[in-house]
Every structure is written in structure tokens, then in C-alpha cells.
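Enquirer: Hey, dropping input-v1.txt in here, compact mmCIF, C-alpha atoms (C1' of nucleotides):
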```txt
# COMPACT_ATOMS: atom_id res chain seq x y z
CA MET A 1 77.19 127.46 97.80
CA ASP A 2 77.55 127.51 101.54
CA ILE A 3 78.15 124.30 103.41
CA ASP A 4 79.09 123.46 106.97
CA LEU A 5 82.78 123.44 107.64
CA PRO A 6 84.19 119.93 107.88
CA SER A 7 84.85 120.51 111.56
CA GLU A 8 81.12 120.85 112.18
CA THR A 9 80.13 117.50 110.74
CA VAL A 10 79.78 114.10 112.30
CA PHE A 11 82.48 112.82 110.00
CA HIS A 12 84.92 115.10 111.72
CA THR A 13 83.84 113.65 115.06
CA ILE A 14 84.22 110.11 113.78
CA GLU A 15 87.66 110.84 112.46
CA SER A 16 88.87 112.63 115.53
CA THR A 17 87.64 109.79 117.73
CA ILE A 18 89.45 107.07 115.85
CA LYS A 19 92.60 109.18 115.59
CA ALA A 20 92.57 109.85 119.31
CA TYR A 21 92.10 106.15 119.98
CA ARG A 22 94.94 105.21 117.67
CA LYS A 23 97.30 107.71 119.23
CA PHE A 24 96.38 106.64 122.75
CA SER A 25 96.70 103.01 121.84
CA GLN A 26 100.03 103.50 120.09
CA LYS A 27 101.44 105.32 123.07
CA ASN A 28 100.59 102.46 125.39
CA ILE A 29 102.01 99.90 122.99
CA THR A 30 105.24 101.81 122.48
CA ALA A 31 105.69 101.98 126.23
CA VAL A 32 106.26 98.21 126.39
CA MET A 33 107.42 97.43 122.84
CA GLU A 34 109.65 100.02 121.30
CA ASP A 35 109.27 99.34 117.60
CA MET A 36 105.81 97.80 117.43
CA THR A 37 103.02 99.65 115.67
CA ILE A 38 99.29 99.15 116.21
CA ASP A 39 98.86 97.81 112.72
CA GLN A 40 101.74 95.40 112.96
CA GLY A 41 100.28 94.21 116.24
CA MET A 42 96.92 93.64 114.58
CA VAL A 43 98.55 91.63 111.83
CA LEU A 44 100.08 89.39 114.48
CA LEU A 45 96.75 88.98 116.25
CA PHE A 46 94.99 88.01 113.05
CA LEU A 47 97.72 85.62 111.93
CA ASN A 48 97.79 84.04 115.34
CA LYS A 49 94.10 83.28 115.17
CA TYR A 50 94.03 82.37 111.47
CA PRO A 51 97.48 81.17 110.40
CA GLU A 52 96.40 80.50 106.84
CA LEU A 53 95.55 84.10 105.98
CA THR A 54 97.06 85.47 102.80
CA GLN A 55 98.52 88.96 102.58
CA LYS A 56 95.48 90.02 100.65
CA GLU A 57 93.09 88.77 103.29
CA ILE A 58 95.02 90.48 106.05
CA ALA A 59 94.96 93.66 104.02
CA VAL A 60 91.17 93.64 104.06
CA LEU A 61 91.11 93.11 107.81
CA VAL A 62 93.36 96.06 108.50
CA PHE A 63 91.88 98.34 105.79
CA ARG A 64 94.91 98.43 103.54
CA ASP A 65 95.55 97.54 99.95
CA ASN A 66 97.87 94.86 98.60
CA ALA A 67 100.70 97.25 97.98
CA ALA A 68 100.65 98.64 101.49
CA MET A 69 100.45 95.11 102.85
CA THR A 70 103.46 93.93 100.88
CA ARG A 71 105.53 96.71 102.32
CA MET A 72 104.23 96.32 105.82
CA ILE A 73 105.04 92.62 105.81
CA ASN A 74 108.46 93.35 104.36
CA THR A 75 109.06 95.53 107.37
CA MET A 76 107.78 92.90 109.78
CA VAL A 77 109.97 90.23 108.21
CA GLN A 78 112.94 92.54 108.39
CA LYS A 79 112.21 93.22 112.05
CA LYS A 80 111.93 89.46 112.59
CA TYR A 81 108.33 89.38 113.71
CA LEU A 82 107.35 87.21 110.75
CA SER A 83 108.92 84.83 108.29
CA ARG A 84 107.77 84.35 104.73
CA SER A 85 108.03 81.04 102.91
CA MET A 86 106.60 79.45 99.80
CA ASN A 87 103.13 77.99 99.81
CA ASP A 88 103.39 74.82 97.75
CA GLN A 89 99.65 74.43 97.34
CA ASP A 90 99.39 77.78 95.55
CA ARG A 91 102.61 79.34 94.48
CA ARG A 92 101.10 82.78 94.06
CA ARG A 93 100.75 83.03 97.83
CA TYR A 94 103.14 83.04 100.70
CA LYS A 95 103.01 81.16 103.92
CA LEU A 96 103.45 83.67 106.76
CA GLU A 97 104.74 82.45 110.07
CA ILE A 98 105.05 84.20 113.38
CA THR A 99 108.59 84.01 114.72
CA LYS A 100 109.66 83.57 118.31
CA LYS A 101 110.02 87.34 118.58
CA GLY A 102 106.53 87.73 117.17
CA LYS A 103 105.19 85.32 119.77
CA GLU A 104 106.69 87.36 122.55
CA VAL A 105 104.74 90.32 121.27
CA LEU A 106 101.63 88.20 121.39
CA ASN A 107 102.20 87.70 125.09
CA LEU A 108 102.76 91.34 125.88
CA LEU A 109 100.20 92.98 123.64
CA PRO A 110 96.76 91.58 124.52
CA PRO A 111 96.53 92.95 128.08
CA ILE A 112 97.51 96.37 126.81
CA ILE A 113 95.04 96.30 123.96
CA GLN A 114 92.33 95.08 126.30
CA ASN A 115 93.05 97.94 128.63
CA ASN A 116 93.03 100.45 125.77
CA ARG A 117 89.62 99.25 124.77
CA THR A 118 87.99 99.09 128.14
CA SER A 119 89.32 102.41 129.34
CA SER A 120 88.19 104.09 126.13
CA LEU A 121 84.72 102.65 126.49
CA ALA A 122 84.34 103.32 130.21
CA GLY A 123 80.85 104.45 131.14
CA ILE A 124 79.37 103.54 127.80
CA THR A 125 76.43 101.21 128.12
CA LYS A 126 75.90 98.05 126.11
CA ASN A 127 72.94 99.78 124.56
CA GLU A 128 74.93 102.80 123.49
CA LEU A 129 77.61 100.59 122.07
CA SER A 130 75.12 98.71 119.98
CA GLN A 131 73.48 101.95 118.83
CA LEU A 132 76.86 103.22 117.81
CA GLY A 133 77.48 100.10 115.76
CA THR A 134 74.06 100.23 114.18
CA ILE A 135 74.29 103.85 113.11
CA LEU A 136 77.78 103.45 111.71
CA ASP A 137 76.67 100.39 109.78
CA LYS A 138 73.83 102.41 108.29
CA ILE A 139 76.27 105.05 107.12
CA LYS A 140 78.54 102.42 105.64
CA SER A 141 75.70 100.77 103.83
CA ASN A 142 74.57 104.10 102.38
CA ILE A 143 78.06 104.57 101.02
CA THR A 144 78.31 101.07 99.63
CA LYS A 145 74.99 101.49 97.87
CA ASN A 146 76.18 104.73 96.30
CA GLN A 147 79.53 103.30 95.29
CA LEU A 148 77.82 100.89 92.92
CA SER A 149 75.94 103.45 90.88
CA MET B 1 95.30 86.23 127.38
CA ASP B 2 92.45 86.02 124.93
CA ILE B 3 90.93 89.17 123.54
CA ASP B 4 88.48 89.92 120.76
CA LEU B 5 90.04 90.27 117.37
CA PRO B 6 90.28 93.91 116.27
CA SER B 7 87.71 93.20 113.57
CA GLU B 8 85.13 92.44 116.24
CA THR B 9 85.39 95.74 118.08
CA VAL B 10 83.56 98.99 117.65
CA PHE B 11 86.86 100.68 116.85
CA HIS B 12 87.07 98.58 113.73
CA THR B 13 83.58 99.71 112.78
CA ILE B 14 84.46 103.35 113.39
CA GLU B 15 87.58 103.04 111.31
CA SER B 16 85.94 101.23 108.46
CA THR B 17 83.16 103.81 108.35
CA ILE B 18 85.43 106.79 108.09
CA LYS B 19 87.66 105.03 105.57
CA ALA B 20 84.67 104.17 103.41
CA TYR B 21 83.46 107.75 103.62
CA ARG B 22 86.85 109.10 102.67
CA LYS B 23 87.20 106.78 99.72
CA PHE B 24 83.70 107.56 98.49
CA SER B 25 84.24 111.25 98.95
CA GLN B 26 87.61 111.20 97.21
CA LYS B 27 86.17 109.36 94.25
CA ASN B 28 83.50 112.00 93.76
CA ILE B 29 85.98 114.82 94.12
CA THR B 30 88.44 113.28 91.68
CA ALA B 31 85.66 112.96 89.13
CA VAL B 32 85.47 116.74 88.78
CA MET B 33 88.93 117.83 89.92
CA GLU B 34 91.72 115.56 88.83
CA ASP B 35 94.47 116.39 91.32
CA MET B 36 92.47 117.60 94.32
CA THR B 37 92.51 115.55 97.51
CA ILE B 38 89.91 115.64 100.27
CA ASP B 39 92.37 117.12 102.70
CA GLN B 40 93.57 119.79 100.33
CA GLY B 41 89.93 120.63 99.72
CA MET B 42 89.32 120.96 103.44
CA VAL B 43 92.29 123.27 103.79
CA LEU B 44 90.76 125.51 101.12
CA LEU B 45 87.38 125.48 102.85
CA PHE B 46 88.89 126.45 106.18
CA LEU B 47 91.10 129.15 104.73
CA ASN B 48 88.19 130.53 102.78
CA LYS B 49 86.17 130.92 105.94
CA TYR B 50 89.04 132.01 108.18
CA PRO B 51 91.74 133.62 106.03
CA GLU B 52 93.96 134.37 109.00
CA LEU B 53 94.57 130.76 110.00
CA THR B 54 98.16 129.72 110.51
CA GLN B 55 99.50 126.42 109.28
CA LYS B 56 99.48 125.17 112.80
CA GLU B 57 95.82 126.02 113.31
CA ILE B 58 94.86 124.36 110.06
CA ALA B 59 96.83 121.31 111.11
CA VAL B 60 94.63 120.95 114.18
CA LEU B 61 91.48 121.26 112.09
CA VAL B 62 92.50 118.50 109.73
CA PHE B 63 94.11 116.25 112.36
CA ARG B 64 97.65 116.58 111.18
CA ASP B 65 100.86 117.73 112.79
CA ASN B 66 102.98 120.70 111.82
CA ALA B 67 105.37 118.68 109.74
CA ALA B 68 102.64 117.10 107.68
CA MET B 69 101.03 120.50 107.25
CA THR B 70 104.22 122.10 106.00
CA ARG B 71 104.52 119.46 103.34
CA MET B 72 100.90 119.53 102.38
CA ILE B 73 100.99 123.26 101.92
CA ASN B 74 104.20 122.97 99.93
CA THR B 75 102.31 120.70 97.58
CA MET B 76 99.34 123.05 97.38
CA VAL B 77 101.58 126.01 96.63
CA GLN B 78 103.37 124.00 93.98
CA LYS B 79 100.04 123.06 92.43
CA LYS B 80 99.05 126.72 92.53
CA TYR B 81 96.07 126.40 94.84
CA LEU B 82 97.71 128.60 97.45
CA SER B 83 100.35 131.26 97.72
CA ARG B 84 102.54 131.83 100.72
CA SER B 85 103.82 135.24 101.72
CA MET B 86 105.36 136.86 104.74
CA ASN B 87 103.21 137.93 107.64
CA ASP B 88 104.67 141.23 108.80
CA GLN B 89 102.81 141.24 112.10
CA ASP B 90 104.47 138.00 113.13
CA ARG B 91 107.35 136.85 111.05
CA ARG B 92 107.21 133.31 112.36
CA ARG B 93 103.98 132.81 110.46
CA TYR B 94 103.02 132.88 106.86
CA LYS B 95 100.13 134.55 105.20
CA LEU B 96 98.35 131.94 103.12
CA GLU B 97 96.26 133.11 100.22
CA ILE B 98 93.93 131.21 97.96
CA THR B 99 94.85 131.70 94.32
CA LYS B 100 92.46 132.04 91.40
CA LYS B 101 92.85 128.33 90.75
CA GLY B 102 92.05 127.67 94.40
CA LYS B 103 88.93 129.76 94.14
CA GLU B 104 87.71 127.74 91.19
CA VAL B 105 87.96 124.68 93.37
CA LEU B 106 85.87 126.47 95.96
CA ASN B 107 83.13 126.83 93.40
CA LEU B 108 83.19 123.22 92.29
CA LEU B 109 83.72 121.47 95.58
CA PRO B 110 80.91 122.45 97.96
CA PRO B 111 78.02 120.88 96.03
CA ILE B 112 79.96 117.65 95.78
CA ILE B 113 80.87 117.63 99.44
CA GLN B 114 77.30 118.42 100.39
CA ASN B 115 76.11 115.54 98.29
CA ASN B 116 78.69 113.20 99.82
CA ARG B 117 77.43 114.10 103.25
CA THR B 118 73.73 113.89 102.65
CA SER B 119 73.86 110.67 100.70
CA SER B 120 76.03 109.06 103.38
CA LEU B 121 73.59 110.12 106.08
CA ALA B 122 70.41 109.20 104.22
CA GLY B 123 67.79 107.69 106.47
CA ILE B 124 69.59 108.62 109.65
CA THR B 125 67.42 110.62 111.99
CA LYS B 126 68.44 113.81 113.76
CA ASN B 127 68.19 111.88 116.96
CA GLU B 128 70.50 109.13 115.79
CA LEU B 129 72.96 111.68 114.54
CA SER B 130 73.07 113.41 117.88
CA GLN B 131 73.41 110.09 119.72
CA LEU B 132 76.30 109.22 117.46
CA GLY B 133 78.00 112.49 118.31
CA THR B 134 77.36 112.10 122.01
CA ILE B 135 78.73 108.58 122.24
CA LEU B 136 81.81 109.42 120.21
CA ASP B 137 82.46 112.43 122.38
CA LYS B 138 82.26 110.22 125.45
CA ILE B 139 84.87 107.91 123.99
CA LYS B 140 87.09 110.83 123.13
CA SER B 141 86.80 112.29 126.58
CA ASN B 142 87.68 108.93 128.16
CA ILE B 143 90.80 108.89 126.06
CA THR B 144 91.74 112.46 126.85
CA LYS B 145 91.34 111.79 130.54
CA ASN B 146 93.62 108.78 130.29
CA GLN B 147 96.21 110.60 128.25
CA LEU B 148 96.93 112.89 131.16
CA SER B 149 97.77 110.21 133.68
C1' DT C 1 116.86 144.68 129.18
C1' DT C 2 118.99 140.50 128.95
C1' DT C 3 117.98 135.67 129.59
C1' DA C 4 114.67 132.07 129.37
C1' DT C 5 110.70 130.24 127.44
C1' DA C 6 107.24 129.70 124.02
C1' DT C 7 105.73 129.57 119.36
C1' DA C 8 105.57 128.72 114.05
C1' DA C 9 107.51 126.50 110.79
C1' DT C 10 111.05 123.39 108.54
C1' DT C 11 113.88 119.26 107.79
C1' DG C 12 115.56 114.40 108.07
C1' DA C 13 114.49 109.71 108.86
C1' DT C 14 111.41 106.13 108.51
C1' DA C 15 106.90 104.12 107.75
C1' DT C 16 102.85 104.15 105.28
C1' DA C 17 98.84 104.95 101.46
C1' DT C 18 97.30 104.80 96.84
C1' DC C 19 97.12 104.09 92.02
C1' DA C 20 98.58 101.93 87.99
C1' DA C 21 101.46 98.85 85.64
C1' DC C 22 103.57 94.54 85.99
C1' DT C 23 104.97 89.32 86.93
C1' DA C 24 103.87 84.84 88.02
C1' DT C 25 100.81 81.72 88.79
C1' DT C 26 96.13 79.43 88.84
C1' DT C 27 91.41 78.81 87.04
C1' DT C 28 87.89 79.20 83.66
C1' DT C 29 85.94 78.49 79.41
C1' DG C 30 85.33 77.93 74.47
C1' DC D 1 93.70 71.41 75.77
C1' DA D 2 94.85 76.41 74.54
C1' DA D 3 93.54 81.08 75.09
C1' DA D 4 91.45 84.22 78.22
C1' DA D 5 90.43 85.75 82.69
C1' DA D 6 91.22 85.88 87.49
C1' DT D 7 94.21 85.97 91.47
C1' DA D 8 98.36 87.02 94.71
C1' DG D 9 101.81 89.65 95.11
C1' DT D 10 105.46 93.30 93.74
C1' DT D 11 107.26 97.73 92.20
C1' DG D 12 107.46 102.74 90.93
C1' DA D 13 105.71 107.24 91.61
C1' DT D 14 103.82 110.44 94.51
C1' DA D 15 101.65 111.97 98.72
C1' DT D 16 101.36 111.64 103.42
C1' DA D 17 102.30 110.63 108.85
C1' DT D 18 105.15 110.89 112.79
C1' DC D 19 108.90 111.90 115.75
C1' DA D 20 112.81 114.41 117.02
C1' DA D 21 115.95 117.98 116.15
C1' DT D 22 116.54 122.55 114.36
C1' DT D 23 115.86 127.61 112.98
C1' DA D 24 113.85 131.94 113.51
C1' DT D 25 111.12 134.95 115.82
C1' DA D 26 108.25 136.68 119.69
C1' DT D 27 106.91 136.94 124.53
C1' DA D 28 107.62 136.51 129.46
C1' DA D 29 110.20 136.80 133.53
C1' DA D 30 114.18 137.95 136.44
```
Would it be possible to restate this file's structure as C-alpha cells?
Expert:
Amino acid sequence: MDIDLPSETVFHTIESTIKAYRKFSQKNITAVMEDMTIDQGMVLLFLNKYPELTQKEIAVLVFRDNAAMTRMINTMVQKKYLSRSMNDQDRRRYKLEITKKGKEVLNLLPPIIQNNRTSSLAGITKNELSQLGTILDKIKSNITKNQLS
Amino acid sequence: MDIDLPSETVFHTIESTIKAYRKFSQKNITAVMEDMTIDQGMVLLFLNKYPELTQKEIAVLVFRDNAAMTRMINTMVQKKYLSRSMNDQDRRRYKLEITKKGKEVLNLLPPIIQNNRTSSLAGITKNELSQLGTILDKIKSNITKNQLS
DNA sequence: TTTATATAATTGATATATCAACTATTTTTG
DNA sequence: CAAAAATAGTTGATATATCAATTATATAAA
């Protein structure tokens, strides 16, 4: 059976776009914050907005599983961006708190992230952006439907 | 500075789409080929079509760097999907050959991959597909332009 | 034709991804 | 309530990602 090479499919384009964005974004972050990764930065942004998030909930937001999250947060605690303490309401969970060092990151990061986004989307109309979202959502929903069967 | 949470951006949608596709695709591949990964499968597809590819060229096609490629091919050689031998024309390169076991994969995989693609893209028009490609290419070219400066 | 530069691949260090098995707690339910 | 099920998180095993430094070979330039 003959099929298109992966490099000729839209999935390849999707993947190369997000990888390019991640690399670009990481480069700009590294320039001002030596040991900060995109994903660690996202964790800080989410926790800043919703301080009650559990590791599991954060994992969903950044597309990782529990195990990956445990290790990522270990690293962030070790690097002093976060502190972990007991949650007395539910002792299966942790309370995650952003440290002073973490808060400094939250001052530096947003302008850079904003710039990453706007420069990547330069010249793309609101309409195109919404089409993009709509089509991708269709693909995702096709996949979700198929996952169940 | 207040910015949108990552989960509210189109980059999040792009990432979640490709991750969902990868997971879906991997599940279907695993069902017929226990220890075959998507990326290893892609390497086989590319090598099958272009037997002269170097590790470096394959790396570009599957969005990895040389180091990752070296290790991935080590694994594939160890699992007997590929064999590595000297290239006498240029002794910096290897000649990569698909083994019998690798060729069996090449019989099993294409129908599954084809099905992954078509079921993920069900209901999406040719026009939408080309819009998707166009918009993503715009984003990529914005990023490439910025990378240079 | 030597020296410099470029290229292909490897290795070490560190971070991460994924699955499955596991612990420690709730929460549900019979 | 006690047993069963669900939930949050951890750990081990294995694969992978990335950067920087290194080796070996090939090509270009002085």
C-alpha cells in the first residue's frame, strides 16, 4: 500500500509549526531567564491565576501526565520557583506556592510571551485565526470520537 | 502585565491537536505492532522511499536533532528494524538498511496510518485543509523571519 | 598541498514522556 | 460502618530531547 509520506501531510505542518513556535519562544525566554523553560513558565502562569490547582490539573493544562508533572514540579521546587506543602483539607494533594524567585519570573515573562505570540501571528486576520481554531477543533473532535470506539 | 493564559491561545489548540493525533495514532500502531513507535515508523517510511538518506536528513524530516537521531537509530538497530553499515563513498555517513523485520512493519503500517489520517480529517473539506496549511505556513514564516534578527 | 572550514555522527549531562505498578488517602456503596 | 472503588501523587523502566563538546572525515581556500 502506498501512502503519502508523513512530510506531505497536514499533520507534519501542524507539528513543524508548533515546534518552531516552541523553539522560538524558548530562545526568547532563555535570553532573559537562564534556566527557565517554556513549560515551567506556563506552570507559573497557571498557578498564579489559579493558586488552588493540583498537580493533576496542571498536568492537563500543559498536556502532560501525572508522572511527568511530579518530576517537573520536583525540578521547580529544587530550583526554588515553587514550594510544596501539605494540603490539610485533602492529604492526597499538595499545596503549591510560588516563591519570591517564582514571582520575579512572573514579572519578566509575560511581556516576552506576549511578544512571542504577537510576532508569530503578525499579518494573520481575526478571521483566519478563528478558522484555524475551528478546523483544529474539528480534527480533535474526530479523534476523540474515534478514541471511544 | 496581564496576558492570556496559554490555554486560551491558538498555540494551545495547535499543540493539543497534534498531541491528540499522536496519541491516537500510537494507540492504533501499538495494537498491531507491540514495540513500534510512530517516529520509528516514520523513519522506516522515509528510508523506504529514499534509501540514501543520512541520519541527519532523516532528523530534519522527523523534527529531531542529530543527537536524538543517533539514539533513535541505535534503538532501531538494536530492535532489528535497521542495520547500519559503512558508506564507502563518504565515511562520515552510514548506510542504513531496512531489515526483513523492518520490511514486515512496512507492510503492516501503511493501512493503519492511512486510516489514522482519514478518520482524523473526516468531514474537513479540501478547502479547509488548504486554509489550514496556508495559515500555519504564515505562522511558521513569521517565526523564521524573527529568528534571523 | 597544507591549513582552515564544513559536515556527519557520537557522547555526556540534564530534563522530559510514557506506561504500569504502587502508596496513601478519600469517597462511595452495599 | 466496612469493603470496594476512586483519586492524587510517586517511582521504576525505557525512550526521547536538547545543548555543548568531541571525533572523524571531507571539502574549500590560501
Enquirer: Kindly determine which residues of chain D lie within 12 Å of chain A, considering only C-alpha atoms (C1' of nucleotides), and give the answer as a ChimeraX atom specification.
Expert: /D:7-12,17-18
Enquirer: Determine, counting only C-alpha atoms (C1' of nucleotides), which protein, DNA and RNA residues have an atom within 12 Å of an atom of B:Ala31; residues of the same chain fewer than 5 positions away are not included. Present the result as a PyMOL selection string.
Expert: chain B and resi 24-26+36-37+108-109+112
Enquirer: What does the distance between atom CA of B:Phe46 and atom CA of B:Lys140 come to in Å, to one decimal place?
Expert: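 Taking atom CA of B:Phe46 and atom CA of B:Lys140, their separation equals 23.1 Å.
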Enquirer: When you count only C-alpha atoms (C1' of nucleotides), which of these residues is closest to C:DA15: A:Thr144, A:Asn74, A:Ala122, A:Glu15?
Expert: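 For C:DA15, the nearest of the given residues is A:Asn74.
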Enquirer: Hey, could you make a per-residue contact list for chain C against chain B with 12 Å as the cut-off, showing the nearest pair of atoms and its distance in Å to one decimal, counting only C-alpha atoms (C1' of nucleotides), sorted by chain and number, as a Markdown table?
Expert:
```
| residue | atom | partner | partner_atom | distance |
| --- | --- | --- | --- | --- |
| C:DT7 | C1' | B:Arg92 | CA | 8.1 |
| C:DA8 | C1' | B:Arg92 | CA | 5.2 |
| C:DA9 | C1' | B:Arg92 | CA | 7.0 |
| C:DT10 | C1' | B:Thr70 | CA | 7.4 |
| C:DT11 | C1' | B:Ala67 | CA | 8.7 |
| C:DG12 | C1' | B:Ala67 | CA | 11.2 |
| C:DA17 | C1' | B:Lys23 | CA | 11.9 |
| C:DT18 | C1' | B:Lys23 | CA | 10.7 |
```
Enquirer: Taking only C-alpha atoms into account, what are the residues of chain B at most 7 Å from chain A, put as a PDB file with C-alpha atoms, keeping the file's coordinate frame?
Expert:
```
ATOM      1  CA  MET B   1      95.300  86.230 127.380  1.00  0.00           C
ATOM      2  CA  ILE B   3      90.930  89.170 123.540  1.00  0.00           C
ATOM      3  CA  LEU B   5      90.040  90.270 117.370  1.00  0.00           C
ATOM      4  CA  PRO B   6      90.280  93.910 116.270  1.00  0.00           C
ATOM      5  CA  SER B   7      87.710  93.200 113.570  1.00  0.00           C
ATOM      6  CA  VAL B  10      83.560  98.990 117.650  1.00  0.00           C
ATOM      7  CA  PHE B  11      86.860 100.680 116.850  1.00  0.00           C
ATOM      8  CA  THR B  13      83.580  99.710 112.780  1.00  0.00           C
ATOM      9  CA  ILE B  14      84.460 103.350 113.390  1.00  0.00           C
ATOM     10  CA  GLU B  15      87.580 103.040 111.310  1.00  0.00           C
ATOM     11  CA  THR B  17      83.160 103.810 108.350  1.00  0.00           C
ATOM     12  CA  ILE B  18      85.430 106.790 108.090  1.00  0.00           C
ATOM     13  CA  ALA B  20      84.670 104.170 103.410  1.00  0.00           C
ATOM     14  CA  TYR B  21      83.460 107.750 103.620  1.00  0.00           C
ATOM     15  CA  PHE B  24      83.700 107.560  98.490  1.00  0.00           C
ATOM     16  CA  MET B  42      89.320 120.960 103.440  1.00  0.00           C
ATOM     17  CA  LEU B  45      87.380 125.480 102.850  1.00  0.00           C
ATOM     18  CA  PHE B  46      88.890 126.450 106.180  1.00  0.00           C
ATOM     19  CA  LEU B  61      91.480 121.260 112.090  1.00  0.00           C
ATOM     20  CA  PRO B 110      80.910 122.450  97.960  1.00  0.00           C
ATOM     21  CA  PRO B 111      78.020 120.880  96.030  1.00  0.00           C
ATOM     22  CA  GLN B 114      77.300 118.420 100.390  1.00  0.00           C
ATOM     23  CA  SER B 119      73.860 110.670 100.700  1.00  0.00           C
ATOM     24  CA  SER B 120      76.030 109.060 103.380  1.00  0.00           C
ATOM     25  CA  LEU B 121      73.590 110.120 106.080  1.00  0.00           C
ATOM     26  CA  ALA B 122      70.410 109.200 104.220  1.00  0.00           C
ATOM     27  CA  LEU B 132      76.300 109.220 117.460  1.00  0.00           C
ATOM     28  CA  GLY B 133      78.000 112.490 118.310  1.00  0.00           C
ATOM     29  CA  LEU B 136      81.810 109.420 120.210  1.00  0.00           C
ATOM     30  CA  ILE B 139      84.870 107.910 123.990  1.00  0.00           C
ATOM     31  CA  LYS B 140      87.090 110.830 123.130  1.00  0.00           C
ATOM     32  CA  ASN B 142      87.680 108.930 128.160  1.00  0.00           C
ATOM     33  CA  ILE B 143      90.800 108.890 126.060  1.00  0.00           C
ATOM     34  CA  GLN B 147      96.210 110.600 128.250  1.00  0.00           C
TER      35      GLN B 147
END
```
Enquirer: I'd like the interatomic distance between atom CA of A:Arg84 and atom CA of A:Asp39, to a tenth of an Å.
Expert: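 Separation between atom CA of A:Arg84 and atom CA of A:Asp39: 18.0 Å.
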Enquirer: Would you compute the distance between atom CA of A:Val32 and atom CA of A:Tyr81? Give it in Å to one decimal.
Expert: 15.6 Å
Enquirer: Looking at only C-alpha atoms (C1' of nucleotides), which of C:DT29, C:DT5, C:DT16, C:DC22 is the one that sits closest to D:DA15?
Expert: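 Result for the nearest residue to D:DA15: C:DT16.
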Enquirer: Would you mind telling me which residue in C:DT25, C:DT1, C:DA13, C:DA20 lies nearest to D:DA13 when using only C-alpha atoms (C1' of nucleotides)?
Expert: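 Of the candidates, the smallest distance to D:DA13 is held by C:DA20.
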